[in-house]
Structure formats: structure tokens, C-alpha cells
$ cat run-v4.pdb   # PDB, C-alpha atoms, pLDDT in the B column
ATOM      1  CA  GLN A 126      17.606   0.668 -10.741  1.00 50.00           C
ATOM      2  CA  THR A 127      19.552  -2.379  -9.560  1.00 49.00           C
ATOM      3  CA  GLY A 128      19.989  -1.095  -6.012  1.00 47.00           C
ATOM      4  CA  ASP A 129      16.321  -0.214  -5.689  1.00 52.00           C
ATOM      5  CA  LEU A 130      15.304  -3.644  -7.001  1.00 53.00           C
ATOM      6  CA  MET A 131      17.565  -5.440  -4.527  1.00 55.00           C
ATOM      7  CA  MET A 132      16.147  -3.408  -1.648  1.00 56.00           C
ATOM      8  CA  ARG A 133      12.626  -4.284  -2.709  1.00 57.00           C
ATOM      9  CA  LEU A 134      13.514  -7.964  -2.870  1.00 57.00           C
ATOM     10  CA  ASN A 135      15.234  -7.827   0.520  1.00 61.00           C
ATOM     11  CA  SER A 136      12.031  -6.389   1.983  1.00 60.00           C
ATOM     12  CA  ASN A 137      10.725  -9.960   2.032  1.00 62.00           C
ATOM     13  CA  ALA A 138      13.056 -10.777   4.913  1.00 62.00           C
ATOM     14  CA  VAL A 139      11.843  -7.787   6.927  1.00 63.00           C
ATOM     15  CA  ILE A 140       8.203  -8.681   6.289  1.00 65.00           C
ATOM     16  CA  ARG A 141       8.740 -12.340   7.186  1.00 66.00           C
ATOM     17  CA  GLU A 142      10.515 -11.492  10.439  1.00 66.00           C
ATOM     18  CA  ALA A 143       7.812  -9.029  11.482  1.00 64.00           C
ATOM     19  CA  LEU A 144       4.996 -11.445  10.725  1.00 66.00           C
ATOM     20  CA  THR A 145       6.586 -14.295  12.669  1.00 68.00           C
ATOM     21  CA  SER A 146       7.623 -12.356  15.780  1.00 67.00           C
ATOM     22  CA  ALA A 147       5.403  -9.287  16.119  1.00 68.00           C
ATOM     23  CA  ALA A 148       2.223 -11.109  15.111  1.00 69.00           C
ATOM     24  CA  MET A 149       2.639 -13.779  17.776  1.00 72.00           C
ATOM     25  CA  THR A 150       3.528 -11.178  20.404  1.00 74.00           C
ATOM     26  CA  GLY A 151       0.487  -9.121  19.466  1.00 72.00           C
ATOM     27  CA  LEU A 152      -1.789 -12.148  19.711  1.00 78.00           C
ATOM     28  CA  LEU A 153      -0.587 -13.067  23.199  1.00 79.00           C
ATOM     29  CA  ASP A 154      -0.739  -9.465  24.446  1.00 79.00           C
ATOM     30  CA  GLY A 155      -4.234  -9.091  23.014  1.00 81.00           C
ATOM     31  CA  MET A 156      -5.454 -12.122  24.937  1.00 84.00           C
ATOM     32  CA  LEU A 157      -3.970 -10.768  28.171  1.00 83.00           C
ATOM     33  CA  VAL A 158      -5.488  -7.323  27.632  1.00 84.00           C
ATOM     34  CA  ALA A 159      -8.950  -8.756  27.007  1.00 86.00           C
ATOM     35  CA  GLY A 160      -8.773 -11.052  30.038  1.00 87.00           C
ATOM     36  CA  TYR A 161      -7.566  -8.424  32.495  1.00 85.00           C
ATOM     37  CA  LEU A 162     -10.073  -5.861  31.255  1.00 86.00           C
ATOM     38  CA  ALA A 163     -12.964  -8.292  31.651  1.00 89.00           C
ATOM     39  CA  VAL A 164     -11.990  -8.967  35.289  1.00 87.00           C
ATOM     40  CA  ILE A 165     -11.639  -5.257  36.101  1.00 86.00           C
ATOM     41  CA  LEU A 166     -14.985  -4.342  34.542  1.00 87.00           C
ATOM     42  CA  ALA A 167     -16.719  -7.205  36.317  1.00 88.00           C
ATOM     43  CA  THR A 168     -15.298  -6.086  39.676  1.00 85.00           C
ATOM     44  CA  HIS A 169     -15.921  -2.340  39.442  1.00 85.00           C
ATOM     45  CA  ALA A 170     -17.335  -0.630  36.332  1.00 87.00           C
ATOM     46  CA  GLY A 171     -16.105   2.851  37.251  1.00 87.00           C
ATOM     47  CA  LEU A 172     -12.530   1.724  37.763  1.00 87.00           C
ATOM     48  CA  GLY A 173     -12.750  -0.324  34.579  1.00 87.00           C
ATOM     49  CA  LEU A 174     -13.870   2.709  32.582  1.00 90.00           C
ATOM     50  CA  LEU A 175     -10.930   4.694  33.965  1.00 90.00           C
ATOM     51  CA  VAL A 176      -8.528   1.977  32.869  1.00 89.00           C
ATOM     52  CA  VAL A 177     -10.170   1.920  29.433  1.00 89.00           C
ATOM     53  CA  ALA A 178      -9.750   5.705  29.190  1.00 92.00           C
ATOM     54  CA  LEU A 179      -6.057   5.461  30.068  1.00 89.00           C
ATOM     55  CA  GLY A 180      -5.637   2.782  27.434  1.00 87.00           C
ATOM     56  CA  ALA A 181      -7.504   4.928  24.902  1.00 88.00           C
ATOM     57  CA  VAL A 182      -5.000   7.737  25.460  1.00 90.00           C
ATOM     58  CA  ARG A 183      -2.199   5.382  24.468  1.00 86.00           C
ATOM     59  CA  MET A 184      -4.067   4.339  21.366  1.00 84.00           C
ATOM     60  CA  ALA A 185      -4.642   8.015  20.541  1.00 89.00           C
ATOM     61  CA  VAL A 186      -0.878   8.570  20.582  1.00 85.00           C
ATOM     62  CA  PHE A 187      -0.507   5.736  18.086  1.00 81.00           C
ATOM     63  CA  PHE A 188      -3.216   6.979  15.723  1.00 82.00           C
ATOM     64  CA  ALA A 189      -1.847  10.526  15.891  1.00 86.00           C
ATOM     65  CA  SER A 190       1.645   9.403  14.871  1.00 82.00           C
ATOM     66  CA  GLN A 191       0.931   6.582  12.421  1.00 79.00           C
ATOM     67  CA  GLY A 192       0.549   8.820   9.376  1.00 80.00           C
ATOM     68  CA  ARG A 193       3.854  10.579  10.010  1.00 84.00           C
ATOM     69  CA  TYR A 194       5.552   7.235  10.726  1.00 81.00           C
ATOM     70  CA  ARG A 195       4.409   5.858   7.375  1.00 79.00           C
ATOM     71  CA  GLU A 196       5.450   8.998   5.510  1.00 84.00           C
ATOM     72  CA  LEU A 197       8.953   9.052   7.004  1.00 84.00           C
ATOM     73  CA  MET A 198       9.369   5.327   6.401  1.00 79.00           C
ATOM     74  CA  GLY A 199       8.552   5.803   2.739  1.00 78.00           C
ATOM     75  CA  GLU A 200      11.001   8.703   2.489  1.00 84.00           C
ATOM     76  CA  ALA A 201      13.720   6.658   4.186  1.00 83.00           C
ATOM     77  CA  LEU A 202      13.273   3.710   1.832  1.00 77.00           C
ATOM     78  CA  GLN A 203      13.298   5.983  -1.211  1.00 80.00           C
ATOM     79  CA  ALA A 204      16.430   7.822  -0.025  1.00 83.00           C
ATOM     80  CA  GLN A 205      18.222   4.525   0.605  1.00 80.00           C
ATOM     81  CA  ALA A 206      17.153   3.268  -2.829  1.00 77.00           C
ATOM     82  CA  ASP A 207      18.483   6.416  -4.536  1.00 81.00           C
ATOM     83  CA  SER A 208      21.796   6.094  -2.703  1.00 81.00           C
ATOM     84  CA  SER A 209      22.099   2.386  -3.549  1.00 78.00           C
ATOM     85  CA  ASN A 210      21.249   2.998  -7.211  1.00 78.00           C
ATOM     86  CA  TYR A 211      23.955   5.616  -7.522  1.00 79.00           C
ATOM     87  CA  GLN A 212      26.502   3.368  -5.823  1.00 79.00           C
ATOM     88  CA  VAL A 213      25.767   0.623  -8.339  1.00 76.00           C
ATOM     89  CA  GLN A 214      26.085   3.090 -11.222  1.00 79.00           C
ATOM     90  CA  VAL A 215      29.431   4.335  -9.919  1.00 78.00           C
ATOM     91  CA  ILE A 216      30.790   0.799  -9.556  1.00 77.00           C
ATOM     92  CA  GLU A 217      29.623  -0.190 -13.043  1.00 76.00           C
ATOM     93  CA  GLY A 218      31.188   2.932 -14.579  1.00 78.00           C
ATOM     94  CA  ILE A 219      34.304   3.119 -12.430  1.00 77.00           C
ATOM     95  CA  GLU A 220      36.644   2.896 -15.421  1.00 74.00           C
ATOM     96  CA  THR A 221      34.906   5.770 -17.177  1.00 75.00           C
ATOM     97  CA  LEU A 222      35.022   7.870 -14.004  1.00 72.00           C
ATOM     98  CA  LYS A 223      38.747   7.253 -13.583  1.00 72.00           C
ATOM     99  CA  THR A 224      39.628   8.072 -17.172  1.00 74.00           C
ATOM    100  CA  SER A 225      37.444  11.192 -17.302  1.00 75.00           C
ATOM    101  CA  GLY A 226      38.542  12.484 -13.915  1.00 73.00           C
ATOM    102  CA  ALA A 227      34.938  12.746 -12.679  1.00 72.00           C
ATOM    103  CA  GLY A 228      35.604  10.908  -9.428  1.00 73.00           C
ATOM    104  CA  ARG A 229      35.322  14.036  -7.302  1.00 79.00           C
ATOM    105  CA  ARG A 230      31.971  14.937  -8.857  1.00 81.00           C
ATOM    106  CA  ALA A 231      30.669  11.397  -8.277  1.00 79.00           C
ATOM    107  CA  THR A 232      31.760  11.612  -4.640  1.00 81.00           C
ATOM    108  CA  GLU A 233      29.896  14.890  -4.188  1.00 85.00           C
ATOM    109  CA  VAL A 234      26.692  13.478  -5.671  1.00 84.00           C
ATOM    110  CA  TRP A 235      26.865  10.374  -3.488  1.00 83.00           C
ATOM    111  CA  SER A 236      27.617  12.526  -0.429  1.00 86.00           C
ATOM    112  CA  ASN A 237      24.443  14.536  -1.050  1.00 89.00           C
ATOM    113  CA  LEU A 238      22.405  11.339  -1.379  1.00 87.00           C
ATOM    114  CA  PHE A 239      23.947   9.984   1.812  1.00 86.00           C
ATOM    115  CA  VAL A 240      23.106  13.212   3.642  1.00 89.00           C
ATOM    116  CA  ASP A 241      19.490  12.794   2.511  1.00 89.00           C
ATOM    117  CA  VAL A 242      19.463   9.320   4.077  1.00 87.00           C
ATOM    118  CA  LEU A 243      20.883  10.693   7.325  1.00 90.00           C
ATOM    119  CA  ASN A 244      18.364  13.546   7.424  1.00 92.00           C
ATOM    120  CA  VAL A 245      15.412  11.197   7.040  1.00 89.00           C
ATOM    121  CA  THR A 246      16.891   8.884   9.665  1.00 88.00           C
ATOM    122  CA  LEU A 247      17.218  11.798  12.090  1.00 92.00           C
ATOM    123  CA  ARG A 248      13.609  12.838  11.516  1.00 91.00           C
ATOM    124  CA  ARG A 249      12.452   9.288  12.154  1.00 86.00           C
ATOM    125  CA  GLY A 250      14.582   9.174  15.292  1.00 88.00           C
ATOM    126  CA  ARG A 251      13.089  12.401  16.634  1.00 91.00           C
ATOM    127  CA  LEU A 252       9.547  11.190  16.016  1.00 88.00           C
ATOM    128  CA  SER A 253      10.302   7.819  17.605  1.00 85.00           C
ATOM    129  CA  ALA A 254      11.846   9.523  20.645  1.00 89.00           C
ATOM    130  CA  LEU A 255       8.807  11.776  21.029  1.00 90.00           C
ATOM    131  CA  VAL A 256       6.327   8.905  20.802  1.00 86.00           C
ATOM    132  CA  ASP A 257       8.394   6.726  23.149  1.00 84.00           C
ATOM    133  CA  SER A 258       8.587   9.575  25.668  1.00 89.00           C
ATOM    134  CA  LEU A 259       4.824  10.086  25.596  1.00 88.00           C
ATOM    135  CA  LEU A 260       4.158   6.368  26.016  1.00 83.00           C
ATOM    136  CA  LEU A 261       6.673   6.138  28.865  1.00 85.00           C
ATOM    137  CA  ALA A 262       5.086   9.108  30.619  1.00 88.00           C
ATOM    138  CA  LEU A 263       1.669   7.471  30.298  1.00 86.00           C
ATOM    139  CA  GLU A 264       3.059   4.179  31.579  1.00 83.00           C
ATOM    140  CA  LEU A 265       4.443   5.892  34.678  1.00 85.00           C
ATOM    141  CA  ALA A 266       1.423   8.108  35.326  1.00 89.00           C
ATOM    142  CA  SER A 267      -1.338   5.557  34.721  1.00 87.00           C
ATOM    143  CA  PRO A 268      -0.765   3.460  37.879  1.00 86.00           C
ATOM    144  CA  LEU A 269      -0.743   6.636  39.981  1.00 89.00           C
ATOM    145  CA  VAL A 270      -4.042   7.762  38.468  1.00 91.00           C
ATOM    146  CA  VAL A 271      -5.614   4.349  39.089  1.00 89.00           C
ATOM    147  CA  LEU A 272      -4.281   4.275  42.642  1.00 89.00           C
ATOM    148  CA  ALA A 273      -5.595   7.776  43.389  1.00 90.00           C
ATOM    149  CA  PHE A 274      -9.042   6.949  42.020  1.00 90.00           C
ATOM    150  CA  GLY A 275      -9.054   3.678  43.944  1.00 88.00           C
ATOM    151  CA  ALA A 276      -8.148   5.480  47.155  1.00 90.00           C
ATOM    152  CA  HIS A 277     -11.059   7.846  46.536  1.00 89.00           C
ATOM    153  CA  LEU A 278     -13.413   4.890  46.185  1.00 88.00           C
ATOM    154  CA  VAL A 279     -12.059   3.370  49.410  1.00 89.00           C
ATOM    155  CA  LEU A 280     -12.653   6.611  51.308  1.00 90.00           C
ATOM    156  CA  GLN A 281     -16.207   6.683  49.983  1.00 89.00           C
ATOM    157  CA  GLY A 282     -16.737   3.135  51.195  1.00 85.00           C
ATOM    158  CA  SER A 283     -17.666   1.791  47.751  1.00 83.00           C
ATOM    159  CA  LEU A 284     -14.556  -0.371  47.512  1.00 83.00           C
ATOM    160  CA  SER A 285     -12.516  -2.249  50.099  1.00 87.00           C
ATOM    161  CA  LEU A 286      -8.803  -1.594  50.513  1.00 86.00           C
ATOM    162  CA  GLY A 287      -7.853  -5.134  49.503  1.00 87.00           C
ATOM    163  CA  THR A 288     -10.010  -5.024  46.396  1.00 86.00           C
ATOM    164  CA  MET A 289      -8.580  -1.636  45.460  1.00 87.00           C
ATOM    165  CA  LEU A 290      -5.000  -2.896  45.708  1.00 87.00           C
ATOM    166  CA  ALA A 291      -5.910  -5.964  43.683  1.00 87.00           C
ATOM    167  CA  MET A 292      -7.581  -3.831  41.023  1.00 86.00           C
ATOM    168  CA  SER A 293      -4.533  -1.533  40.885  1.00 86.00           C
ATOM    169  CA  ALA A 294      -2.334  -4.563  40.243  1.00 87.00           C
ATOM    170  CA  LEU A 295      -4.713  -5.798  37.561  1.00 86.00           C
ATOM    171  CA  ALA A 296      -4.793  -2.343  35.965  1.00 87.00           C
ATOM    172  CA  GLY A 297      -1.018  -2.372  35.739  1.00 84.00           C
ATOM    173  CA  ALA A 298      -1.142  -5.875  34.277  1.00 83.00           C
ATOM    174  CA  PHE A 299      -3.660  -4.602  31.695  1.00 85.00           C
ATOM    175  CA  LEU A 300      -1.777  -1.450  30.716  1.00 83.00           C
ATOM    176  CA  HIS A 301       1.635  -3.098  30.299  1.00 81.00           C
ATOM    177  CA  PRO A 302       0.619  -5.528  27.512  1.00 81.00           C
ATOM    178  CA  LEU A 303      -1.471  -2.743  26.009  1.00 81.00           C
ATOM    179  CA  GLY A 304       1.726  -0.702  25.674  1.00 76.00           C
ATOM    180  CA  SER A 305       3.329  -3.699  23.970  1.00 76.00           C
ATOM    181  CA  LEU A 306       0.363  -3.835  21.604  1.00 78.00           C
ATOM    182  CA  VAL A 307       0.896  -0.189  20.693  1.00 76.00           C
ATOM    183  CA  SER A 308       4.577  -0.885  19.993  1.00 73.00           C
ATOM    184  CA  THR A 309       3.601  -3.871  17.848  1.00 74.00           C
ATOM    185  CA  ALA A 310       1.104  -1.714  15.967  1.00 73.00           C
ATOM    186  CA  LEU A 311       3.888   0.790  15.231  1.00 71.00           C
ATOM    187  CA  GLU A 312       6.024  -2.042  13.847  1.00 70.00           C
ATOM    188  CA  PHE A 313       3.200  -3.135  11.568  1.00 70.00           C
ATOM    189  CA  GLN A 314       2.719   0.496  10.521  1.00 68.00           C
ATOM    190  CA  GLN A 315       6.339   0.632   9.347  1.00 66.00           C
ATOM    191  CA  LEU A 316       5.874  -2.768   7.731  1.00 67.00           C
ATOM    192  CA  GLY A 317       3.254  -1.268   5.446  1.00 64.00           C
ATOM    193  CA  SER A 318       5.928   0.703   3.596  1.00 63.00           C
ATOM    194  CA  TYR A 319       7.864  -2.485   2.831  1.00 64.00           C
ATOM    195  CA  ILE A 320       4.707  -4.232   1.659  1.00 65.00           C
ATOM    196  CA  ASP A 321       3.897  -1.319  -0.668  1.00 64.00           C
ATOM    197  CA  ARG A 322       7.324  -1.550  -2.285  1.00 61.00           C
ATOM    198  CA  VAL A 323       7.036  -5.301  -2.812  1.00 59.00           C
ATOM    199  CA  ASP A 324       3.525  -4.831  -4.202  1.00 60.00           C
ATOM    200  CA  GLU A 325       4.860  -2.348  -6.764  1.00 59.00           C
ATOM    201  CA  VAL A 326       7.138  -5.071  -8.115  1.00 56.00           C
ATOM    202  CA  LEU A 327       4.429  -7.740  -8.142  1.00 58.00           C
ATOM    203  CA  SER A 328       1.844  -5.482  -9.796  1.00 62.00           C
ATOM    204  CA  ARG A 329       4.210  -4.308 -12.544  1.00 59.00           C
ATOM    205  CA  GLU A 330       3.349  -5.633 -15.986  1.00 64.00           C
ATOM    206  CA  PRO A 331       5.747  -8.388 -17.192  1.00 59.00           C
ATOM    207  CA  GLU A 332       8.088  -7.278 -19.958  1.00 55.00           C
ATOM    208  CA  GLN A 333       7.133 -10.196 -22.219  1.00 55.00           C
ATOM    209  CA  ALA A 334       3.441  -9.373 -21.939  1.00 51.00           C
ATOM    210  CA  ALA A 335       4.159  -5.726 -22.634  1.00 47.00           C
ATOM    211  CA  HIS A 336       6.193  -6.682 -25.725  1.00 49.00           C
ATOM    212  CA  VAL A 337       3.401  -8.897 -27.075  1.00 47.00           C
ATOM    213  CA  ALA A 338       0.816  -6.192 -26.490  1.00 47.00           C
ATOM    214  CA  ALA A 339       2.955  -3.716 -28.390  1.00 44.00           C
TER     215      ALA A 339
END

$ encode --input "run-v4.pdb" --output "C-alpha cells"
Amino acid sequence: QTGDLMMRLNSNAVIREALTSAAMTGLLDGMLVAGYLAVILATHAGLGLLVVALGAVRMAVFFASQGRYRELMGEALQAQADSSNYQVQVIEGIETLKTSGAGRRATEVWSNLFVDVLNVTLRRGRLSALVDSLLLALELASPLVVLAFGAHLVLQGSLSLGTMLAMSALAGAFLHPLGSLVSTALEFQQLGSYIDRVDEVLSREPEQAAHVAA
């Protein structure tokens, strides 16, 4: 269990880094999103609702993938812990392995554990690539949708050309930090797995207390 314990303790560094960088980025992006959205809605409610709908689609992608992200993150951490535990056991018993000639068997077991780590990593990579592709497609398509709707409003005479171009620029300025917020939310989603592992250590009953109770 030494390898697993060290990984749990090292999770503190990951949590600290995420809280110091991603939290500040999320706060700044959130302020920008709120400000731009307020201006768009105040200028034209219909265009503002369209921008909100486009942003909601991005959030839907996040909520649809967050459960799978958390599951794969937990599997990855567990697979890495199993591999690290076995490595520690092999190093501690290296003399016994050499004298008994069980080195080949130990290598096979570790290879299987390492393959498990790679398989989970590949599944996480495929999910991340899929989500990133969807978000990129939305980022490219959203300005075109806003521009087309704005052109329709201009042809109807309900919006001037200058105002439409300004609103299109503001919509892009709103959607870009919103995409950053979604990425930050995904980072915090993965952070939950690290927090759970640290919480398991903190919530475990102390050995001295357990001995006294016995």
C-alpha cells in the first residue's frame, strides 16, 4: 500500500495547483461572461437569447461528459496506484525474487498492470478528444450563427448594420471566455477524484484510536 499512499499524499500538489490557477482563471472569465451578456441583452433581447442558447449547448456538452470524466479519472488513479504498489513490493522483495527465480513472473504481472494504466489513459484520451472536438466545432460555428441571425435582423430593419457587427463582436467576446469556463469546469471535475482520495485518508480512523477501542 506504500505506492497508493504516496500517490494520495502527492494529490495535494495537484489540488493546490488547480485551486491557485484554475480558480482565478474561472473567476476572471466569469466576470467577463456576465458583463458581455448583460450588454448584449440590453441591446437586443432576441440576439441575447440566441447567444445564451449557444452558450447553453456548450454547457450541455460539459454536463453530458462530466460523469464519464470522473469515472475514468477514478479508474486511472486506481490503476496507477495498483502499478505503484506492485513496484514497491517488487523492490522490497528483490532478493527473494532473484533467489527463487520468479523475476519473469513478476515482470509479467507488472506488465499487465502497466497495460491497465495505458488502457485507461487511452480511454481518457479518446473522451477528451471527442469533447474538445465538439467544443471546437461549437466555437467555430457559433459566430456564423450569430452573424446569420444578425443579418436577418438587419434585413428586417430591426437592427442597424453597425449595431449588428458590434453585437457579433460582443457575442464572440462572450463565447470565448465561456469556452474557457467549460475547460476550467472540466479541470475541477477531474480534481474531484483527487479530493476523494485525499478524503479517504483523512476520514480513516487513526490506528491508535482503533487499538484503544479494541

$ resolve_selection --input "run-v4.pdb" --expression "the PyMOL selection byres ((chain A and resi 181-190) around 10)" --output "ChimeraX atom specification"
/A:175-180,191-195,252-253,255-257,259-261,263-264,300,303-304,306-308,310-311,314

$ closest_residue --input "run-v4.pdb" --among "A:Gly226, A:Gly218, A:Gln205, A:Ser267" --to "Phe239 of chain A" --atoms "only C-alpha atoms"
A:Gln205

$ residues_around --input "run-v4.pdb" --residues "Ala276 of chain A" --least-positions-apart "4" --cutoff "12 Å" --atoms "only C-alpha atoms" --output "PyMOL selection string"
chain A and resi 172+269-272+280-290+292-293

$ write_last_selection --input "run-v4.pdb" --atoms "C-alpha atoms" --output "PDB file, keeping the file's coordinate frame"
ATOM      1  CA  LEU A 172     -12.530   1.724  37.763  1.00 87.00           C
ATOM      2  CA  LEU A 269      -0.743   6.636  39.981  1.00 89.00           C
ATOM      3  CA  VAL A 270      -4.042   7.762  38.468  1.00 91.00           C
ATOM      4  CA  VAL A 271      -5.614   4.349  39.089  1.00 89.00           C
ATOM      5  CA  LEU A 272      -4.281   4.275  42.642  1.00 89.00           C
ATOM      6  CA  LEU A 280     -12.653   6.611  51.308  1.00 90.00           C
ATOM      7  CA  GLN A 281     -16.207   6.683  49.983  1.00 89.00           C
ATOM      8  CA  GLY A 282     -16.737   3.135  51.195  1.00 85.00           C
ATOM      9  CA  SER A 283     -17.666   1.791  47.751  1.00 83.00           C
ATOM     10  CA  LEU A 284     -14.556  -0.371  47.512  1.00 83.00           C
ATOM     11  CA  SER A 285     -12.516  -2.249  50.099  1.00 87.00           C
ATOM     12  CA  LEU A 286      -8.803  -1.594  50.513  1.00 86.00           C
ATOM     13  CA  GLY A 287      -7.853  -5.134  49.503  1.00 87.00           C
ATOM     14  CA  THR A 288     -10.010  -5.024  46.396  1.00 86.00           C
ATOM     15  CA  MET A 289      -8.580  -1.636  45.460  1.00 87.00           C
ATOM     16  CA  LEU A 290      -5.000  -2.896  45.708  1.00 87.00           C
ATOM     17  CA  MET A 292      -7.581  -3.831  41.023  1.00 86.00           C
ATOM     18  CA  SER A 293      -4.533  -1.533  40.885  1.00 86.00           C
TER      19      SER A 293
END

$ closest_residue --input "run-v4.pdb" --among "A:Leu152, A:Thr221, A:Ala298, A:Asp241" --to "Val164 of chain A" --atoms "all atoms listed in the file"
A:Ala298

$ closest_residue --input "run-v4.pdb" --among "A:Val242, A:Glu220, A:Ser305, A:Phe299" --to "Leu157 of chain A" --atoms "only C-alpha atoms"
A:Phe299

$ atom_distance --input "run-v4.pdb" --atom1 "atom CA of Leu295 of chain A" --atom2 "atom CA of Met149 of chain A"
22.6 Å
